[in-house]
Each structure stands twice: as structure tokens, then as C-alpha cells.
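Have a look at query-v2.cif; it's mmCIF, C-alpha atoms and all ligand atoms:
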data_structure
loop_
_atom_site.label_atom_id
_atom_site.label_comp_id
_atom_site.auth_asym_id
_atom_site.auth_seq_id
_atom_site.Cartn_x
_atom_site.Cartn_y
_atom_site.Cartn_z
CA MET A 26 -101.14 37.13 333.12
CA GLY A 27 -97.99 35.50 331.85
CA ASP A 28 -97.06 34.55 335.43
CA LYS A 29 -99.70 31.83 335.38
CA MET A 30 -97.77 30.09 332.64
CA ILE A 31 -94.75 29.59 334.89
CA ALA A 32 -94.97 26.46 337.01
CA PRO A 33 -93.83 26.64 340.63
CA VAL A 34 -90.17 25.72 341.03
CA ARG A 35 -90.94 22.40 342.66
CA ASN A 36 -93.12 21.30 339.73
CA ARG A 37 -90.67 22.65 337.20
CA GLU A 38 -87.93 20.57 338.76
CA SER A 39 -90.21 17.59 338.72
CA LEU A 40 -90.97 18.16 335.04
CA ASP A 41 -87.28 18.48 334.24
CA ASN A 42 -86.52 15.29 336.14
CA LYS A 43 -89.25 13.44 334.34
CA LYS A 44 -88.05 14.73 330.98
CA MET A 45 -84.45 13.83 331.77
CA TYR A 46 -85.42 10.39 333.02
CA LEU A 47 -87.54 9.69 329.91
CA SER A 48 -84.76 10.76 327.59
CA LEU A 49 -82.23 8.53 329.40
CA ARG A 50 -84.71 5.67 329.31
CA ASP A 51 -85.35 6.14 325.57
CA GLU A 52 -81.62 6.21 324.96
CA GLN A 53 -81.19 2.88 326.76
CA LEU A 54 -84.16 1.32 324.97
CA SER A 55 -82.77 2.46 321.60
CA LEU A 56 -79.47 0.91 322.61
CA CYS A 57 -81.28 -2.37 323.33
CA ILE A 58 -82.79 -2.30 319.83
CA VAL A 59 -79.38 -1.79 318.23
CA LEU A 60 -77.86 -4.58 320.35
CA GLU A 61 -80.69 -6.87 319.30
CA GLU A 62 -80.06 -5.98 315.64
CA ILE A 63 -76.37 -6.79 316.08
CA ALA A 64 -77.28 -10.13 317.72
CA ASP A 65 -79.64 -10.91 314.82
CA SER A 66 -76.98 -10.00 312.25
CA LEU A 67 -74.35 -12.39 313.63
CA PRO A 68 -72.23 -13.83 312.18
CA GLU A 69 -72.38 -13.01 308.45
CA ARG A 70 -74.24 -9.72 308.30
CA VAL A 71 -72.59 -7.97 311.23
CA ASP A 72 -71.78 -4.30 310.53
CA ALA A 73 -68.30 -3.43 311.82
CA ALA A 74 -68.99 0.32 311.82
CA VAL A 75 -72.10 -0.14 313.99
CA CYS A 76 -70.17 -2.37 316.42
CA LYS A 77 -67.39 0.20 316.64
CA HIS A 78 -69.87 2.99 317.36
CA VAL A 79 -71.83 0.99 319.94
CA ALA A 80 -68.60 -0.13 321.63
CA LYS A 81 -67.90 3.55 322.34
CA THR A 82 -71.38 4.71 323.29
CA LEU A 83 -72.59 1.70 325.31
CA PRO A 84 -70.61 2.33 328.53
CA LEU A 85 -71.38 6.07 328.36
CA ILE A 86 -75.13 5.58 327.99
CA ILE A 87 -75.23 3.10 330.85
CA GLU A 88 -73.06 5.22 333.11
CA GLY A 89 -75.09 8.36 332.40
CA ALA A 90 -78.36 6.64 333.24
CA HIS A 91 -76.97 5.11 336.43
CA ARG A 92 -75.53 8.40 337.61
CA TYR A 93 -78.78 10.28 337.12
CA GLU A 94 -80.89 7.59 338.75
CA GLU A 95 -78.62 7.21 341.75
CA ASP A 96 -77.92 10.93 342.27
CA VAL A 97 -81.37 12.34 341.50
CA ILE A 98 -84.16 9.79 341.26
CA PHE A 99 -83.29 7.42 344.09
CA PRO A 100 -83.13 10.29 346.61
CA LEU A 101 -86.55 11.47 345.35
CA LEU A 102 -87.85 7.93 345.77
CA GLU A 103 -86.57 7.84 349.32
CA LYS A 104 -88.46 11.05 350.05
CA SER A 105 -91.67 9.82 348.45
CA LYS A 106 -92.45 7.29 351.21
CA ILE A 107 -94.03 4.74 348.88
CA SER A 108 -95.48 2.04 351.07
CA SER A 109 -96.04 -0.67 348.47
CA VAL A 110 -92.37 -1.68 348.36
CA ASP A 111 -89.49 -1.90 350.80
CA LEU A 112 -87.60 1.07 349.36
CA LYS A 113 -84.31 0.50 351.15
CA THR A 114 -84.05 -3.08 349.92
CA THR A 115 -85.33 -2.20 346.46
CA ILE A 116 -82.85 0.66 345.96
CA LYS A 117 -80.03 -1.54 347.23
CA ARG A 118 -81.03 -4.21 344.73
CA LEU A 119 -81.20 -1.69 341.88
CA LYS A 120 -77.73 -0.37 342.74
CA ILE A 121 -76.37 -3.93 342.65
CA GLU A 122 -78.01 -4.43 339.26
CA HIS A 123 -76.38 -1.18 338.08
CA LEU A 124 -72.99 -2.45 339.16
CA GLY A 125 -73.55 -5.74 337.34
CA ASP A 126 -74.73 -3.93 334.20
CA LYS A 127 -71.74 -1.58 334.31
CA CYS A 128 -69.27 -4.50 334.32
CA PHE A 129 -71.30 -6.35 331.71
CA ALA A 130 -71.41 -3.20 329.51
CA GLU A 131 -67.62 -2.87 329.69
CA GLU A 132 -67.09 -6.51 328.69
CA LEU A 133 -69.60 -6.18 325.88
CA SER A 134 -67.95 -2.96 324.72
CA GLU A 135 -64.60 -4.79 324.37
CA VAL A 136 -66.19 -7.59 322.38
CA LEU A 137 -68.00 -5.12 320.09
CA ALA A 138 -64.79 -3.12 319.63
CA SER A 139 -63.08 -6.32 318.42
CA TYR A 140 -65.91 -6.83 315.91
CA GLY A 141 -65.46 -3.19 314.92
CA LYS A 142 -61.84 -3.95 314.03
CA GLY A 143 -62.88 -7.03 312.11
CA MET A 144 -61.01 -9.25 314.60
CA PRO A 145 -63.67 -10.78 316.89
CA ASN A 146 -62.27 -11.92 320.23
CA LEU A 147 -65.36 -14.03 320.91
CA ALA A 148 -67.22 -16.56 318.73
CA ALA A 149 -70.43 -15.35 317.11
CA GLU A 150 -72.64 -17.72 319.08
CA ALA A 151 -71.18 -16.67 322.43
CA THR A 152 -71.40 -13.00 321.40
CA GLY A 153 -75.06 -13.40 320.51
CA TYR A 154 -75.71 -15.06 323.84
CA MET A 155 -73.89 -12.24 325.65
CA LEU A 156 -75.77 -9.53 323.76
CA ARG A 157 -79.15 -11.09 324.48
CA GLY A 158 -78.28 -11.61 328.13
CA PHE A 159 -77.41 -7.94 328.40
CA PHE A 160 -80.32 -6.29 326.62
CA GLU A 161 -82.95 -8.65 328.02
CA ALA A 162 -81.81 -7.95 331.59
CA LEU A 163 -81.59 -4.22 330.85
CA ARG A 164 -85.14 -4.14 329.46
CA ARG A 165 -86.44 -5.90 332.59
CA HIS A 166 -84.50 -3.49 334.80
CA ILE A 167 -85.89 -0.48 332.92
CA ALA A 168 -89.47 -1.81 333.08
CA PHE A 169 -89.22 -2.34 336.83
CA GLU A 170 -87.72 1.11 337.40
CA ALA A 171 -90.34 2.76 335.19
CA GLU A 172 -93.10 1.38 337.42
CA LEU A 173 -91.27 2.47 340.54
CA PHE A 174 -90.33 5.93 339.28
CA ALA A 175 -93.90 6.61 338.17
CA ASN A 176 -94.64 6.90 341.90
CA VAL A 177 -92.10 9.68 342.27
CA PHE A 178 -93.27 11.71 339.32
CA ASP A 179 -96.95 11.28 340.16
CA PHE A 180 -96.20 12.15 343.76
CA GLU A 181 -94.53 15.36 342.73
CA PHE A 182 -97.24 16.58 340.33
FE FE A 201 -81.48 1.75 336.66
#

As C-alpha cells, how would this structure be written, given the file I've shared?
Ligand SMILES: [Fe+2]
Amino acid sequence: MGDKMIAPVRNRESLDNKKMYLSLRDEQLSLCIVLEEIADSLPERVDAAVCKHVAKTLPLIIEGAHRYEEDVIFPLLEKSKISSVDLKTTIKRLKIEHLGDKCFAEELSEVLASYGKGMPNLAAEATGYMLRGFFEALRRHIAFEAELFANVFDFEF
């Protein structure tokens, strides 16, 4: 019977959430790779077109991930009753990190836009430092969330 192929709604939702989360995570990790490449290319080999593109997409990628996590995944986490962490405190901390990353992403976007125009508003060394600060923190944030969210998705399956 074909009916057996259709997962119950609850599991389907869970699958969709997992798929969505993984695609948002991959997008952020790809962004980190590009930011690292920009940092490595400073100052002589920096590609203005790449900077211009990343300046536009960076805030959108970050905002999209934050929105999905806060609107969909955090509420699922709250329902999951994981006992290994203090969820309230952890979610509060993650939201604060999101806020910090959002501001940081906007600043970085402005700097990259200036490189895109060929008129850097920040010295190469400081830009490299800023880029590394951003993607290193973002990778740590993503790694921590991945461990935490695995509880939700496993719980739902
Ligand atoms: Fe997050």
C-alpha cells in the first residue's frame, strides 16, 4: 500500500524541520568558508565582487537562521524537556549570541561593502581580525546548537 510510504504528520514536520535546519546550517558554514577566504586574501588578493556579494547576503543569511531557530527550533527544544542542560538559561544565552551576531554581521557587511566599492573604510589587518572574530564565534555557536538540536530531532523521530 502506498499509504505506508507517507510518514505521520508529526514525523513529516520533524523531517522538514531537520531538513530546513540543516540547510540553514550549511548556508552559514559556507558563509564562514567564504569569510575565511576573504580574510586570507587580504590585503592584496581581495576580490571586490565577492566582498560586494557577501556584504549583501551576510545579514540575510544570519537573520534567516536566527528567525527559524527562534520561531521553530527553540520552542521545540522547550517542549523536549532535555534534562542535561538548563534550557531556559541556554536559550536565553543563545538569543543573546544571536543579537550580538546580528550587530556584528551588520558592521561586517558595511566593511565588506566598502571593499566591494574599492574604498575600504577599515585597514586590512583590522578587517582580517574582524572577519576571524565573526566566523570563529559563529562556528562555535553552530557547533553548540547542533549538539543541542540533535536532542530535538532525535526526540521527535
Ligand atoms: Fe543560532

- Query: Around (-92.0, 9.4, 332.9) in the file's frame, which residues reach within 10 Å when counting all atoms listed in the file? Return as a PyMOL selection string?
  - Reply: chain A and resi 40+42-48+50+171-172+174-179

Protein and nucleic residues near ligand FE 201 (chain A), 7 Å, all atoms listed in the file, as a count of residues only
8

* Pick from A:Asp41, A:Asp96, A:Leu60, A:Leu67, whichever lies nearest to Glu150 of chain A using all atoms listed in the file ->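 Going through A:Asp41, A:Asp96, A:Leu60, A:Leu67 one by one, the smallest distance to Glu150 of chain A is for A:Leu67.
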
Please indicate the distance in Å from atom CA of Ala73 of chain A to atom CA of Lys142 of chain A, rounded to one decimal place.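 Taking atom CA of Ala73 of chain A and atom CA of Lys142 of chain A, their separation equals 6.8 Å.
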
Practice problem: Rounded to one decimal place, report the atom CA of Ile86 of chain A-atom CA of Lys117 of chain A distance in Å. | Solution: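 Distance reported for this atom pair: 21.1 Å.
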
Please identify all polymer residues lying at most 9 Å from the point (-72.4, -9.9, 320.9) (file coordinates), using all atoms listed in the file, and present the result as an mmCIF file with C-alpha atoms, in the coordinates of the input.
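What follows is the written file out-v5.cif:
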data_model
loop_
_atom_site.group_PDB
_atom_site.id
_atom_site.type_symbol
_atom_site.label_atom_id
_atom_site.label_comp_id
_atom_site.auth_asym_id
_atom_site.auth_seq_id
_atom_site.Cartn_x
_atom_site.Cartn_y
_atom_site.Cartn_z
ATOM 1 C CA LEU A 60 -77.860 -4.580 320.350
ATOM 2 C CA GLU A 61 -80.690 -6.870 319.300
ATOM 3 C CA ILE A 63 -76.370 -6.790 316.080
ATOM 4 C CA ALA A 64 -77.280 -10.130 317.720
ATOM 5 C CA LEU A 67 -74.350 -12.390 313.630
ATOM 6 C CA LEU A 133 -69.600 -6.180 325.880
ATOM 7 C CA VAL A 136 -66.190 -7.590 322.380
ATOM 8 C CA LEU A 137 -68.000 -5.120 320.090
ATOM 9 C CA TYR A 140 -65.910 -6.830 315.910
ATOM 10 C CA LEU A 147 -65.360 -14.030 320.910
ATOM 11 C CA ALA A 148 -67.220 -16.560 318.730
ATOM 12 C CA ALA A 149 -70.430 -15.350 317.110
ATOM 13 C CA GLU A 150 -72.640 -17.720 319.080
ATOM 14 C CA ALA A 151 -71.180 -16.670 322.430
ATOM 15 C CA THR A 152 -71.400 -13.000 321.400
ATOM 16 C CA GLY A 153 -75.060 -13.400 320.510
ATOM 17 C CA TYR A 154 -75.710 -15.060 323.840
ATOM 18 C CA MET A 155 -73.890 -12.240 325.650
ATOM 19 C CA LEU A 156 -75.770 -9.530 323.760
ATOM 20 C CA ARG A 157 -79.150 -11.090 324.480
#

Please provide the set of residues having any atom within 12 Å of Leu85 of chain A, restricted to only C-alpha atoms, with same-chain residues fewer than 2 positions apart removed, written as a CSV table (one decimal) with C-alpha atoms, in the coordinates of the input.
chain,number,residue,atom,x,y,z
A,49,LEU,CA,-82.2,8.5,329.4
A,52,GLU,CA,-81.6,6.2,325.0
A,53,GLN,CA,-81.2,2.9,326.8
A,56,LEU,CA,-79.5,0.9,322.6
A,78,HIS,CA,-69.9,3.0,317.4
A,79,VAL,CA,-71.8,1.0,319.9
A,80,ALA,CA,-68.6,-0.1,321.6
A,81,LYS,CA,-67.9,3.6,322.3
A,82,THR,CA,-71.4,4.7,323.3
A,83,LEU,CA,-72.6,1.7,325.3
A,87,ILE,CA,-75.2,3.1,330.8
A,88,GLU,CA,-73.1,5.2,333.1
A,89,GLY,CA,-75.1,8.4,332.4
A,90,ALA,CA,-78.4,6.6,333.2
A,91,HIS,CA,-77.0,5.1,336.4
A,92,ARG,CA,-75.5,8.4,337.6
A,127,LYS,CA,-71.7,-1.6,334.3
A,130,ALA,CA,-71.4,-3.2,329.5
A,131,GLU,CA,-67.6,-2.9,329.7
A,134,SER,CA,-68.0,-3.0,324.7

**Prompt:** Hey, can you check how far atom CA of Phe129 of chain A sits from atom CA of Thr114 of chain A?
**Reply:**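 One can read the atom CA of Phe129 of chain A to atom CA of Thr114 of chain A distance as 22.5 Å.
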
query = Looking at only C-alpha atoms, which of A:Asn146, A:Ser55, A:Ser105, A:Ser139 is the one that sits closest to Leu173 of chain A?
reply =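 Smallest distance to Leu173 of chain A is found for A:Ser105.
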
Would you kindly return, as JSON, numbers by chain, each protein, DNA or RNA residue with an atom no farther than 12 Å from any atom of Lys104 of chain A, considering all atoms listed in the file and excluding same-chain residues fewer than 3 positions away? {"A": [97, 98, 99, 100, 101, 107, 108, 112, 113, 176, 177, 178, 180, 181]}

Give the centre and edge lengths of an axis-aligned box, in Å to one decimal, that holds all listed atoms of segment 58-63 of chain A with 6 Å on each side, as JSON.
{"center_x": -79.6, "center_y": -4.3, "center_z": 318.0, "size_x": 18.4, "size_y": 17.1, "size_z": 16.7}

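Counting only C-alpha atoms, the residue from A:Asp72, A:Asp111, A:Glu161, A:Glu103 that sits nearest to Asp126 of chain A is A:Glu161.
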
Fill in: Nearest to Ala162 of chain A, chosen from A:Glu95, A:Asp65, A:Asp51, A:Glu122, with only C-alpha atoms counted in the distances
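Checking each of A:Glu95, A:Asp65, A:Asp51, A:Glu122 against Ala162 of chain A, counting only C-alpha atoms, the winner is A:Glu122.
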